[in-house]
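**Student:** Contents of my_file_38.cif (mmCIF, C-alpha atoms and all ligand atoms) are given next:
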data_protein
loop_
_atom_site.label_atom_id
_atom_site.label_comp_id
_atom_site.auth_asym_id
_atom_site.auth_seq_id
_atom_site.Cartn_x
_atom_site.Cartn_y
_atom_site.Cartn_z
CA MET A 970 31.30 23.03 -15.95
CA THR A 971 29.80 23.87 -19.34
CA GLU A 972 32.81 22.34 -21.07
CA THR A 973 32.39 19.11 -19.17
CA LEU A 974 28.77 19.01 -20.18
CA ALA A 975 29.67 19.63 -23.80
CA GLU A 976 32.04 16.69 -23.68
CA THR A 977 29.58 14.26 -22.19
CA SER A 978 26.26 15.28 -23.70
CA ALA A 979 25.03 13.75 -26.93
CA TYR A 980 22.64 16.69 -27.24
CA PRO A 981 23.17 20.43 -27.66
CA THR A 982 24.56 21.63 -24.37
CA ALA A 983 22.36 23.53 -21.96
CA TYR A 984 23.63 25.38 -18.95
CA PRO A 985 22.68 23.58 -15.78
CA SER A 986 19.56 25.23 -14.47
CA THR A 987 17.65 24.82 -11.30
CA TYR A 988 15.28 21.93 -10.77
CA PRO A 989 12.39 21.85 -10.04
CA MET A 990 11.35 24.30 -12.73
CA ALA A 991 8.54 26.85 -12.66
CA ARG A 992 5.18 25.93 -14.13
CA GLY A 993 3.60 28.10 -16.81
CA THR A 994 0.10 29.54 -16.98
CA CYS A 995 -1.81 26.24 -17.05
CA PRO A 996 -1.67 24.82 -13.51
CA PHE A 997 -2.16 21.27 -14.78
CA ASP A 998 0.75 21.26 -17.24
CA PRO A 999 4.37 20.43 -16.37
CA PRO A 1000 6.85 23.35 -16.57
CA PRO A 1001 7.26 24.64 -20.16
CA GLU A 1002 11.05 24.24 -19.83
CA LEU A 1003 10.57 20.50 -19.27
CA ASP A 1004 8.50 20.32 -22.44
CA ARG A 1005 11.21 22.20 -24.35
CA ARG A 1006 13.88 19.84 -23.09
CA MET A 1007 11.87 16.72 -23.94
CA HIS A 1008 11.64 17.93 -27.54
CA GLU A 1009 15.06 19.54 -27.95
CA GLN A 1010 17.43 18.18 -25.32
CA PRO A 1011 15.83 15.13 -23.74
CA ILE A 1012 18.80 14.21 -21.54
CA THR A 1013 20.56 17.13 -19.88
CA ARG A 1014 21.94 18.11 -16.53
CA VAL A 1015 20.01 20.17 -14.01
CA LYS A 1016 21.23 21.99 -10.95
CA LEU A 1017 19.68 21.09 -7.59
CA TRP A 1018 19.33 22.98 -4.30
CA ASP A 1019 22.77 21.74 -3.14
CA GLY A 1020 24.58 22.67 -6.36
CA SER A 1021 24.78 19.07 -7.60
CA THR A 1022 24.04 18.45 -11.29
CA PRO A 1023 22.31 15.11 -11.88
CA TRP A 1024 21.03 13.98 -15.26
CA LEU A 1025 17.43 14.72 -16.10
CA LEU A 1026 15.59 12.25 -18.33
CA THR A 1027 12.41 13.55 -19.94
CA ARG A 1028 11.30 11.07 -22.61
CA TYR A 1029 8.84 8.32 -21.75
CA ASP A 1030 11.01 5.52 -23.16
CA ASP A 1031 14.18 6.76 -21.45
CA VAL A 1032 12.45 7.21 -18.08
CA ARG A 1033 11.00 3.70 -18.22
CA ALA A 1034 14.29 2.16 -19.40
CA MET A 1035 16.14 3.85 -16.53
CA LEU A 1036 13.62 2.76 -13.89
CA VAL A 1037 13.94 -0.93 -14.78
CA ASP A 1038 17.72 -0.88 -15.17
CA PRO A 1039 19.46 -2.86 -12.39
CA ARG A 1040 22.47 -0.54 -12.80
CA VAL A 1041 20.58 2.26 -11.05
CA SER A 1042 20.03 2.44 -7.32
CA SER A 1043 17.37 3.94 -5.01
CA ASN A 1044 19.78 3.82 -2.07
CA THR A 1045 19.60 7.28 -0.52
CA ASP A 1046 22.84 6.67 1.44
CA LEU A 1047 24.91 6.70 -1.75
CA GLU A 1048 27.04 9.72 -2.49
CA ASN A 1049 25.50 11.95 -5.17
CA PHE A 1050 21.97 10.68 -4.55
CA PRO A 1051 19.89 13.59 -5.92
CA HIS A 1052 17.85 14.39 -2.81
CA PRO A 1053 14.96 16.75 -3.58
CA SER A 1054 15.63 19.04 -0.62
CA ALA A 1055 17.80 19.55 2.46
CA GLY A 1056 14.97 18.23 4.61
CA SER A 1057 14.58 15.13 2.49
CA ALA A 1058 18.32 14.41 2.62
CA ALA A 1059 18.36 14.75 6.41
CA ARG A 1060 15.30 12.57 6.94
CA ARG A 1061 16.88 9.61 5.25
CA GLN A 1062 19.50 9.38 7.99
CA ARG A 1063 16.65 8.45 10.37
CA ALA A 1064 13.79 6.80 8.52
CA LYS A 1065 14.91 4.45 5.81
CA SER A 1066 12.34 2.17 4.36
CA PHE A 1067 12.23 -0.12 1.36
CA ILE A 1068 11.50 2.76 -1.02
CA ASN A 1069 15.13 3.80 -0.38
CA MET A 1070 16.65 0.33 -0.72
CA ASP A 1071 17.71 -1.92 -3.57
CA ASP A 1072 16.92 -5.59 -4.04
CA PRO A 1073 17.25 -8.00 -2.34
CA ASP A 1074 16.62 -5.91 0.83
CA HIS A 1075 13.89 -3.89 -0.91
CA ALA A 1076 12.09 -7.01 -2.15
CA ALA A 1077 12.33 -8.73 1.24
CA GLN A 1078 10.56 -5.85 3.02
CA ARG A 1079 8.06 -5.13 0.23
CA ARG A 1080 7.06 -8.80 0.15
CA LEU A 1081 5.80 -8.53 3.74
CA LEU A 1082 3.07 -6.16 2.50
CA THR A 1083 2.11 -7.48 -0.94
CA SER A 1084 -0.87 -9.45 0.37
CA ASP A 1085 -2.31 -6.31 2.05
CA PHE A 1086 -2.38 -4.33 -1.19
CA MET A 1087 -3.20 -7.01 -3.76
CA VAL A 1088 -6.15 -6.24 -6.03
CA LYS A 1089 -8.42 -8.92 -4.52
CA LYS A 1090 -7.84 -7.72 -0.96
CA VAL A 1091 -8.36 -4.09 -1.88
CA GLU A 1092 -11.52 -4.84 -3.90
CA ALA A 1093 -13.00 -6.27 -0.71
CA LEU A 1094 -12.60 -2.80 0.83
CA ARG A 1095 -14.70 -1.15 -1.91
CA PRO A 1096 -18.03 -1.27 0.00
CA ARG A 1097 -16.40 0.29 3.09
CA ILE A 1098 -14.75 2.97 0.92
CA GLN A 1099 -18.14 3.70 -0.70
CA GLU A 1100 -19.69 3.98 2.77
CA ILE A 1101 -17.02 6.49 3.87
CA VAL A 1102 -17.43 8.52 0.67
CA ASP A 1103 -21.22 8.64 1.06
CA GLY A 1104 -20.94 9.61 4.73
CA LEU A 1105 -18.53 12.45 3.99
CA ILE A 1106 -20.78 13.76 1.20
CA ASP A 1107 -23.84 13.55 3.50
CA ASP A 1108 -21.98 15.65 6.10
CA MET A 1109 -20.85 18.13 3.46
CA LEU A 1110 -24.35 18.56 2.03
CA ALA A 1111 -25.76 19.06 5.51
CA GLY A 1112 -23.35 21.95 6.17
CA PRO A 1113 -22.93 25.42 4.65
CA LYS A 1114 -22.95 25.64 0.85
CA LEU A 1115 -19.38 26.88 0.85
CA THR A 1116 -16.67 24.57 2.08
CA ASP A 1117 -13.05 23.57 1.63
CA LEU A 1118 -13.22 20.28 -0.26
CA VAL A 1119 -9.71 19.34 0.92
CA GLN A 1120 -10.66 19.38 4.61
CA ALA A 1121 -14.24 18.19 4.16
CA PHE A 1122 -13.60 15.34 1.77
CA ALA A 1123 -10.28 14.86 -0.06
CA LEU A 1124 -8.09 14.49 3.04
CA PRO A 1125 -10.48 12.57 5.35
CA LEU A 1126 -11.22 9.76 2.88
CA PRO A 1127 -7.70 8.38 2.28
CA SER A 1128 -6.71 9.20 5.86
CA LEU A 1129 -9.58 7.12 7.27
CA VAL A 1130 -8.89 4.26 4.88
CA ILE A 1131 -5.16 4.04 5.60
CA CYS A 1132 -5.80 4.43 9.35
CA GLU A 1133 -8.20 1.48 9.34
CA LEU A 1134 -5.83 -0.62 7.25
CA LEU A 1135 -2.73 0.08 9.35
CA GLY A 1136 -4.47 0.29 12.72
CA VAL A 1137 -3.59 3.95 13.34
CA PRO A 1138 -6.20 5.87 15.41
CA TYR A 1139 -7.97 8.38 13.14
CA ALA A 1140 -8.33 10.62 16.19
CA ASP A 1141 -4.57 11.35 15.80
CA ARG A 1142 -5.00 12.75 12.28
CA ASP A 1143 -4.18 16.37 13.12
CA PHE A 1144 -0.80 15.23 14.42
CA PHE A 1145 0.16 13.04 11.46
CA HIS A 1146 -1.23 15.49 8.86
CA ARG A 1147 0.98 18.19 10.37
CA MET A 1148 4.05 15.94 10.38
CA SER A 1149 3.42 14.71 6.83
CA LYS A 1150 3.18 18.29 5.58
CA LYS A 1151 6.61 19.03 7.07
CA VAL A 1152 8.03 15.90 5.52
CA ILE A 1153 6.91 16.69 1.98
CA ALA A 1154 7.49 20.46 1.82
CA TRP A 1155 10.38 21.48 -0.50
CA ASP A 1156 11.57 24.15 1.89
CA THR A 1157 11.61 22.18 5.15
CA THR A 1158 15.02 22.61 6.76
CA ALA A 1159 17.12 19.65 7.82
CA ALA A 1160 16.36 20.37 11.49
CA GLU A 1161 12.60 20.63 10.90
CA ALA A 1162 12.55 17.44 8.82
CA LEU A 1163 14.49 15.52 11.46
CA ALA A 1164 12.20 16.75 14.23
CA ALA A 1165 9.05 15.76 12.29
CA THR A 1166 10.54 12.39 11.37
CA ASP A 1167 11.56 11.67 14.96
CA GLU A 1168 8.09 12.58 16.24
CA LEU A 1169 6.41 10.35 13.67
CA LEU A 1170 8.80 7.47 14.39
CA ALA A 1171 8.29 7.77 18.15
CA TYR A 1172 4.52 7.85 17.65
CA LEU A 1173 4.49 4.82 15.35
CA GLY A 1174 7.02 2.93 17.49
CA GLY A 1175 4.76 3.41 20.54
CA LEU A 1176 1.78 2.22 18.55
CA VAL A 1177 3.60 -0.92 17.37
CA GLU A 1178 4.61 -1.71 20.96
CA ARG A 1179 0.97 -1.42 22.04
CA LYS A 1180 -0.09 -3.66 19.14
CA ASN A 1181 2.53 -6.16 20.19
CA ALA A 1182 1.04 -6.29 23.68
CA GLU A 1183 -2.54 -6.40 22.41
CA PRO A 1184 -2.75 -7.22 18.70
CA THR A 1185 -5.81 -6.16 16.68
CA ASP A 1186 -6.75 -6.97 13.08
CA ASP A 1187 -4.53 -4.59 11.12
CA VAL A 1188 -1.18 -4.33 9.31
CA LEU A 1189 0.83 -2.87 12.21
CA SER A 1190 -0.40 -5.63 14.55
CA ARG A 1191 0.56 -8.26 12.02
CA LEU A 1192 4.03 -6.76 11.63
CA ALA A 1193 4.40 -6.61 15.43
CA VAL A 1194 3.43 -10.27 15.84
CA GLU A 1195 5.20 -11.70 12.79
CA GLN A 1196 8.31 -9.52 12.68
CA LEU A 1197 8.99 -7.84 16.02
CA ARG A 1198 8.36 -10.94 18.12
CA THR A 1199 10.46 -13.16 15.88
CA GLY A 1200 13.30 -10.67 15.52
CA GLY A 1201 12.66 -10.46 11.76
CA MET A 1202 12.53 -6.64 11.98
CA THR A 1203 13.43 -4.15 14.69
CA LEU A 1204 10.93 -1.73 16.19
CA GLU A 1205 12.66 1.13 14.31
CA GLN A 1206 12.37 -0.70 11.00
CA ILE A 1207 8.66 -1.35 11.49
CA ALA A 1208 8.09 2.28 12.54
CA SER A 1209 9.90 3.48 9.38
CA MET A 1210 7.80 1.18 7.25
CA GLY A 1211 4.66 2.42 9.01
CA GLN A 1212 5.69 5.99 8.34
CA LEU A 1213 6.14 5.33 4.62
CA LEU A 1214 2.70 3.69 4.43
CA LEU A 1215 0.95 6.35 6.49
CA VAL A 1216 2.39 9.34 4.59
CA ALA A 1217 2.26 7.78 1.09
CA GLY A 1218 -1.18 6.33 1.84
CA HIS A 1219 -3.03 9.59 2.40
CA GLU A 1220 -1.14 12.58 0.92
CA THR A 1221 -1.06 11.33 -2.65
CA THR A 1222 -4.66 10.17 -2.97
CA ALA A 1223 -5.94 13.31 -1.22
CA ASN A 1224 -4.18 15.47 -3.80
CA MET A 1225 -5.53 13.38 -6.67
CA ILE A 1226 -9.08 13.84 -5.35
CA ALA A 1227 -8.81 17.62 -4.97
CA LEU A 1228 -6.70 18.39 -8.05
CA GLY A 1229 -8.66 15.87 -10.14
CA THR A 1230 -11.84 17.71 -9.20
CA VAL A 1231 -10.33 21.06 -10.23
CA ALA A 1232 -9.20 19.57 -13.55
CA LEU A 1233 -12.65 18.14 -14.28
CA ILE A 1234 -14.45 21.35 -13.33
CA GLU A 1235 -12.12 23.20 -15.71
CA HIS A 1236 -12.95 20.66 -18.46
CA PRO A 1237 -16.77 20.68 -18.25
CA GLU A 1238 -17.27 18.43 -21.28
CA GLN A 1239 -15.12 15.75 -19.60
CA LEU A 1240 -16.90 16.25 -16.28
CA ALA A 1241 -20.26 15.77 -18.05
CA ILE A 1242 -19.05 12.41 -19.41
CA VAL A 1243 -17.90 11.28 -15.95
CA ARG A 1244 -21.08 12.47 -14.25
CA GLY A 1245 -23.27 10.86 -16.89
CA THR A 1246 -21.80 7.35 -16.89
CA ASP A 1247 -22.40 4.33 -14.73
CA ASP A 1248 -19.86 2.28 -16.68
CA PRO A 1249 -17.15 1.17 -14.22
CA LYS A 1250 -14.69 0.78 -17.12
CA LEU A 1251 -15.07 4.42 -18.11
CA ILE A 1252 -14.62 5.48 -14.50
CA ALA A 1253 -11.48 3.32 -14.26
CA ASN A 1254 -10.27 4.95 -17.50
CA THR A 1255 -10.93 8.39 -16.02
CA VAL A 1256 -8.77 7.55 -13.01
CA GLU A 1257 -5.85 6.47 -15.24
CA GLU A 1258 -6.16 9.54 -17.46
CA LEU A 1259 -6.24 11.93 -14.52
CA LEU A 1260 -3.24 10.18 -12.97
CA ARG A 1261 -1.36 10.63 -16.25
CA TYR A 1262 -2.50 14.18 -16.90
CA LEU A 1263 -1.82 15.49 -13.39
CA ASN A 1264 1.15 13.30 -12.37
CA ILE A 1265 0.99 14.71 -8.86
CA VAL A 1266 4.32 13.21 -7.70
CA HIS A 1267 6.07 15.94 -9.69
CA SER A 1268 9.45 15.74 -7.97
CA GLY A 1269 10.84 13.11 -10.37
CA ARG A 1270 12.01 9.56 -9.66
CA ARG A 1271 15.50 9.81 -8.22
CA ARG A 1272 18.33 7.33 -8.60
CA VAL A 1273 22.14 6.92 -8.71
CA ALA A 1274 24.12 5.03 -11.38
CA LEU A 1275 25.93 1.99 -9.96
CA GLU A 1276 27.94 1.49 -13.17
CA ASP A 1277 28.68 3.34 -16.39
CA PHE A 1278 25.84 2.81 -18.84
CA GLU A 1279 24.25 4.41 -21.86
CA ILE A 1280 20.69 5.54 -22.12
CA GLY A 1281 19.01 7.31 -25.05
CA GLY A 1282 22.48 7.80 -26.59
CA GLN A 1283 23.88 9.43 -23.45
CA LEU A 1284 26.68 7.95 -21.36
CA ILE A 1285 25.91 8.08 -17.64
CA ARG A 1286 28.90 7.49 -15.38
CA LYS A 1287 29.01 5.39 -12.24
CA GLY A 1288 28.10 7.51 -9.21
CA GLU A 1289 26.15 10.15 -11.12
CA GLY A 1290 22.67 11.15 -9.98
CA ILE A 1291 19.69 10.66 -12.29
CA ILE A 1292 16.15 12.06 -12.20
CA GLY A 1293 13.37 10.53 -14.29
CA ALA A 1294 10.82 13.32 -14.86
CA THR A 1295 7.61 11.29 -14.98
CA ASP A 1296 5.44 14.42 -15.25
CA ILE A 1297 6.78 15.31 -18.68
CA ALA A 1298 7.22 11.63 -19.69
CA ASN A 1299 3.45 11.32 -19.23
CA ARG A 1300 3.08 14.09 -21.84
CA ASP A 1301 5.33 12.42 -24.42
CA GLU A 1302 3.36 12.17 -27.68
CA THR A 1303 5.19 8.99 -28.67
CA ALA A 1304 3.35 7.26 -25.81
CA PHE A 1305 0.19 9.40 -25.61
CA PRO A 1306 -1.07 11.08 -28.81
CA ASP A 1307 -2.30 14.65 -28.24
CA PRO A 1308 -0.75 14.44 -24.77
CA ASP A 1309 -1.86 17.81 -23.40
CA ALA A 1310 -5.54 17.01 -23.87
CA LEU A 1311 -7.50 15.58 -20.95
CA ASP A 1312 -9.53 12.79 -22.52
CA VAL A 1313 -11.28 10.37 -20.18
CA HIS A 1314 -11.82 7.92 -23.06
CA ARG A 1315 -8.04 7.62 -23.63
CA LYS A 1316 -6.37 4.31 -22.84
CA ALA A 1317 -3.75 5.67 -20.45
CA ARG A 1318 -2.97 2.78 -18.12
CA HIS A 1319 0.65 2.63 -19.31
CA HIS A 1320 1.32 6.02 -17.64
CA VAL A 1321 4.20 6.34 -15.20
CA ALA A 1322 2.40 8.34 -12.48
CA PHE A 1323 2.89 5.38 -10.11
CA GLY A 1324 6.53 5.03 -11.16
CA TYR A 1325 7.81 1.99 -13.02
CA GLY A 1326 9.94 -1.06 -12.28
CA VAL A 1327 10.50 -2.68 -8.89
CA HIS A 1328 9.61 0.45 -6.91
CA GLN A 1329 6.33 0.99 -8.72
CA CYS A 1330 3.71 2.12 -6.20
CA LEU A 1331 2.73 -0.64 -3.81
CA GLY A 1332 -0.51 1.11 -2.90
CA GLN A 1333 -1.77 1.62 -6.46
CA PRO A 1334 -4.65 -0.90 -6.23
CA LEU A 1335 -5.90 0.93 -3.14
CA ALA A 1336 -5.46 4.38 -4.72
CA ARG A 1337 -7.33 3.19 -7.82
CA VAL A 1338 -10.33 1.90 -5.86
CA GLU A 1339 -10.50 5.06 -3.73
CA LEU A 1340 -10.37 7.31 -6.80
CA GLN A 1341 -12.86 5.20 -8.75
CA VAL A 1342 -15.36 5.41 -5.88
CA VAL A 1343 -14.80 9.17 -5.55
CA TYR A 1344 -15.04 10.03 -9.25
CA SER A 1345 -18.15 7.85 -9.71
CA THR A 1346 -19.93 9.32 -6.67
CA LEU A 1347 -18.98 12.92 -5.88
CA TYR A 1348 -20.07 14.64 -9.11
CA ARG A 1349 -23.31 12.63 -9.35
CA ARG A 1350 -24.32 13.36 -5.79
CA VAL A 1351 -23.26 17.02 -6.03
CA PRO A 1352 -24.04 17.76 -9.69
CA THR A 1353 -23.70 21.54 -9.34
CA LEU A 1354 -20.28 21.35 -7.63
CA ALA A 1355 -18.27 24.45 -8.66
CA LEU A 1356 -15.20 26.39 -7.62
CA ALA A 1357 -16.10 29.16 -5.17
CA VAL A 1358 -13.15 31.30 -6.33
CA PRO A 1359 -11.58 31.85 -9.77
CA LEU A 1360 -9.02 29.23 -10.80
CA GLU A 1361 -6.20 31.82 -10.60
CA GLU A 1362 -6.91 32.35 -6.91
CA LEU A 1363 -6.36 28.71 -5.93
CA ASN A 1364 -3.27 28.04 -3.86
CA PHE A 1365 -1.43 25.33 -5.84
CA LYS A 1366 1.21 23.21 -4.12
CA HIS A 1367 4.30 24.48 -5.92
CA ASP A 1368 6.03 24.20 -2.54
CA MET A 1369 5.43 20.48 -2.00
CA LEU A 1370 6.99 17.28 -3.32
CA VAL A 1371 3.46 16.16 -4.16
CA TYR A 1372 1.40 18.59 -6.25
CA GLY A 1373 -2.19 19.59 -5.59
CA VAL A 1374 -4.09 22.45 -3.98
CA HIS A 1375 -3.70 23.56 -0.37
CA GLU A 1376 -7.38 24.45 -0.10
CA LEU A 1377 -10.27 24.00 -2.50
CA PRO A 1378 -13.17 26.36 -1.80
CA VAL A 1379 -16.25 24.89 -3.48
CA THR A 1380 -19.94 25.61 -3.60
CA TRP A 1381 -22.97 23.84 -5.10
C1 LIG A 1401 -2.78 8.51 -6.35
C2 LIG A 1401 -2.10 8.03 -5.38
C3 LIG A 1401 -0.64 7.63 -5.44
C4 LIG A 1401 0.36 8.03 -6.27
C5 LIG A 1401 0.28 8.98 -7.45
C6 LIG A 1401 1.56 7.32 -5.85
C7 LIG A 1401 2.81 7.43 -6.48
C8 LIG A 1401 3.91 6.66 -6.17
C9 LIG A 1401 5.14 6.65 -6.92
C10 LIG A 1401 5.45 7.55 -8.11
C11 LIG A 1401 5.98 5.73 -6.36
C12 LIG A 1401 7.36 5.31 -6.88
C13 LIG A 1401 8.53 5.69 -6.04
C14 LIG A 1401 9.87 5.43 -6.73
O1 LIG A 1401 9.96 5.00 -7.85
O2 LIG A 1401 10.88 5.73 -6.10
C15 LIG A 1401 5.26 5.16 -5.23
C16 LIG A 1401 5.77 4.21 -4.39
C17 LIG A 1401 5.12 3.76 -3.26
N1 LIG A 1401 3.82 4.04 -2.89
FE1 LIG A 1401 2.50 5.20 -3.87
N2 LIG A 1401 1.26 6.54 -4.77
C18 LIG A 1401 -0.07 6.70 -4.48
C19 LIG A 1401 -0.79 6.07 -3.48
C20 LIG A 1401 -0.25 5.22 -2.55
C21 LIG A 1401 -1.01 4.61 -1.50
C22 LIG A 1401 -2.52 4.74 -1.24
C23 LIG A 1401 -0.13 3.85 -0.78
C24 LIG A 1401 -0.50 3.02 0.40
C25 LIG A 1401 0.18 2.86 1.44
C26 LIG A 1401 1.19 4.00 -1.41
C27 LIG A 1401 2.36 3.40 -0.99
C28 LIG A 1401 3.55 3.39 -1.71
C29 LIG A 1401 4.73 2.64 -1.30
C30 LIG A 1401 4.86 1.78 -0.06
C31 LIG A 1401 5.71 2.88 -2.27
C32 LIG A 1401 7.13 2.32 -2.31
C33 LIG A 1401 7.21 1.12 -3.24
C34 LIG A 1401 8.60 0.53 -3.37
O3 LIG A 1401 9.59 1.23 -3.18
O4 LIG A 1401 8.68 -0.67 -3.67
N3 LIG A 1401 1.06 4.84 -2.47
N4 LIG A 1401 4.00 5.72 -5.16
#
What does the file become when written as structure tokens?

**Tutor:**
Amino acid sequence: MTETLAETSAYPTAYPSTYPMARGTCPFDPPPELDRRMHEQPITRVKLWDGSTPWLLTRYDDVRAMLVDPRVSSNTDLENFPHPSAGSAARRQRAKSFINMDDPDHAAQRRLLTSDFMVKKVEALRPRIQEIVDGLIDDMLAGPKLTDLVQAFALPLPSLVICELLGVPYADRDFFHRMSKKVIAWDTTAAEALAATDELLAYLGGLVERKNAEPTDDVLSRLAVEQLRTGGMTLEQIASMGQLLLVAGHETTANMIALGTVALIEHPEQLAIVRGTDDPKLIANTVEELLRYLNIVHSGRRRVALEDFEIGGQLIRKGEGIIGATDIANRDETAFPDPDALDVHRKARHHVAFGYGVHQCLGQPLARVELQVVYSTLYRRVPTLALAVPLEELNFKHDMLVYGVHELPVTW
């Protein structure tokens, strides 16, 4: 194996090692080994849970070039697709949505949703999002002065917003939070992932059928009326799409709220700037910088080569798996000077925390508005917000495809 690598690598050969890699002492920084590779061996192989050895790209330019290259595929059915875990590989046999498809199929499905997530539409939700944020903070301040910010605030906000948008009853949140957790845990077995996926699909399928009978003003009703009734999409396809939106729509933003708060509390001079400003541009900047700095989707963008091609001086062969490590790419000093510093004044909007290319996050306008409202409100209304335990005692999500904290005990 090492000999093969020596033959094909343009860089000094490294032994394939396991991926994901362990983080170091700073919980906000990508694994030190990723940093070493970006500087010394930017394109190397890594060994995954199933023994496969896809290419790992670490530099900002290489990651972006790969993600816009039509010779790479997101099709999870392809042999050698570098699935992050056994559970993830199994799930794709059941729930395939446009995130796992290539154009033109990907574009055809994504297009059905672009109007729901366009900036203008999402901006119209800002007052409602502000109302939810204020209500959650009121409830929190009325309760004991020690609470878990994840359960009291970070998880309810994006869950409520995506429920209202899709037309999913918020009363069912315990169920879909539990299922989502199974779906995004690294160590979920194939059987557990299939069971969770089937339960979610059955739940969403039932909901879409009810919407079809009695449509309301939401995305699932619209899909039922416009797609199910016309035969444009099957019930299973709409349920899979609904699952992608429901899981992606709350898990990610919730982690950005909680982990972003930890990062700001640990950088008090940055927190003081955020708390002290009423400039929406600086708040928008803060959101972009925290997205870059934390890059919570730390499992890498995963693809398969459809043809032989060269990237960053490395030949990638048809059928080989590729992982674009956006977490370390967002710390590449060629794109972000002094990359390990959290600086809310930095112009960071060219980060790759939402991915890049045709699969770039569909929900990013919504995530941005939610985070802008949170970061401009929470620390002003709770100016003494502090961790209730030392940083080292927080339970970070090393075990999840999306990084964050499992609980966030805070006081004020
Ligand atoms: C801070 C919050 C968020 C982060 C960091 C994030 C991150 C990402 C990333 C990295 C991708 C790229 C996947 C790839 O290249 O394979 C993606 C795709 C996607 N995200 Fe998000 N996301 C967030 C919020 C949301 C929200 C609120 C929604 C709303 C439903 C959403 C829906 C989607 C969808 C549907 C895709 C698939 C796009 C496609 O394949 O064309 N995301 N997201």

**Student:** Taking a cut-off of 7 Å and counting all atoms listed in the file, can you build a table that, for each residue of chain A near ligand LIG 1401 (chain A), reports the nearest atom pair and how far apart they are in Å (one decimal), sorted by chain then residue number, as a Markdown table?

**Tutor:**
| residue | atom | partner | partner_atom | distance |
| --- | --- | --- | --- | --- |
| A:Ser1043 | CA | A:LIG1401 | O2 | 6.8 |
| A:Phe1067 | CA | A:LIG1401 | O3 | 5.4 |
| A:Ile1068 | CA | A:LIG1401 | O3 | 3.3 |
| A:Asn1069 | CA | A:LIG1401 | O3 | 6.7 |
| A:His1075 | CA | A:LIG1401 | O4 | 6.7 |
| A:Arg1079 | CA | A:LIG1401 | O4 | 6.0 |
| A:Ile1131 | CA | A:LIG1401 | C25 | 6.9 |
| A:Leu1213 | CA | A:LIG1401 | C30 | 6.0 |
| A:Leu1214 | CA | A:LIG1401 | C25 | 4.0 |
| A:Leu1215 | CA | A:LIG1401 | C25 | 6.2 |
| A:Ala1217 | CA | A:LIG1401 | C26 | 4.7 |
| A:Gly1218 | CA | A:LIG1401 | C24 | 3.7 |
| A:His1219 | CA | A:LIG1401 | C22 | 6.1 |
| A:Thr1221 | CA | A:LIG1401 | C2 | 4.4 |
| A:Thr1222 | CA | A:LIG1401 | C2 | 4.1 |
| A:Met1225 | CA | A:LIG1401 | C1 | 5.6 |
| A:Leu1260 | CA | A:LIG1401 | C5 | 6.7 |
| A:Asn1264 | CA | A:LIG1401 | C5 | 6.6 |
| A:Ile1265 | CA | A:LIG1401 | C5 | 5.9 |
| A:Val1266 | CA | A:LIG1401 | C10 | 5.8 |
| A:Arg1270 | CA | A:LIG1401 | O1 | 5.3 |
| A:Arg1271 | CA | A:LIG1401 | O2 | 6.5 |
| A:Ala1322 | CA | A:LIG1401 | C10 | 5.4 |
| A:Phe1323 | CA | A:LIG1401 | C10 | 3.9 |
| A:Gly1324 | CA | A:LIG1401 | C10 | 4.1 |
| A:Tyr1325 | CA | A:LIG1401 | O1 | 6.4 |
| A:Val1327 | CA | A:LIG1401 | O4 | 5.9 |
| A:His1328 | CA | A:LIG1401 | O4 | 3.6 |
| A:Gln1329 | CA | A:LIG1401 | C12 | 4.8 |
| A:Cys1330 | CA | A:LIG1401 | C16 | 3.4 |
| A:Leu1331 | CA | A:LIG1401 | C29 | 4.6 |
| A:Gly1332 | CA | A:LIG1401 | C23 | 3.5 |
| A:Gln1333 | CA | A:LIG1401 | C19 | 5.4 |
| A:Leu1335 | CA | A:LIG1401 | C22 | 5.4 |
| A:Ala1336 | CA | A:LIG1401 | C22 | 4.6 |

**Student:** From the options A:Leu1118, A:Leu1311, A:Met1087, A:Leu1003, which residue's atoms come nearest to Asp1296 in chain A, counting all atoms listed in the file?

**Tutor:**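 Distance minimum relative to Asp1296 in chain A lands on A:Leu1003.
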
**Student:** The centre and edge lengths of an axis-aligned box containing all atoms of range 1053-1072 of chain A present in the file, extended by 6 Å on each side, are to be given in Å to one decimal, as JSON.

**Tutor:**
{"center_x": 15.5, "center_y": 7.0, "center_z": 3.2, "size_x": 20.0, "size_y": 37.1, "size_z": 26.4}

**Student:** One decimal, Å: what's the distance from CA of Lys1090 in chain A over to CA of Ala1193 in chain A, could you say?

**Tutor:**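 Computing the Euclidean distance for CA of Lys1090 in chain A and CA of Ala1193 in chain A yields 20.5 Å.
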
**Student:** So which one's closest to Glu1339 in chain A, A:Leu1204, A:Arg1097, A:Leu1189, A:Asp1074? Using only C-alpha atoms, please.

**Tutor:**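 Ranked by minimum distance to Glu1339 in chain A, first place goes to A:Arg1097.
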
**Student:** From the list A:Ile1012, A:Val1338, A:Cys995, A:Val1130, which residue is nearest Trp1024 in chain A when using all atoms listed in the file?

**Tutor:**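 For Trp1024 in chain A, the nearest of the candidates is A:Ile1012.
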
**Student:** List as a PyMOL selection string the protein and nucleic acid residues near Ser1268 in chain A, meaning an atom at most 9 Å away when all atoms listed in the file are counted, but skip any in the same chain fewer than 6 places from it.

**Tutor:** chain A and resi 988-989+1053+1292+1294-1296+1369-1372

**Student:** With all atoms listed in the file as the atoms that count, which of A:Glu1302, A:Glu1289, A:Glu1235, A:Glu1220 lies nearest to Pro996 in chain A?

**Tutor:** A:Glu1235
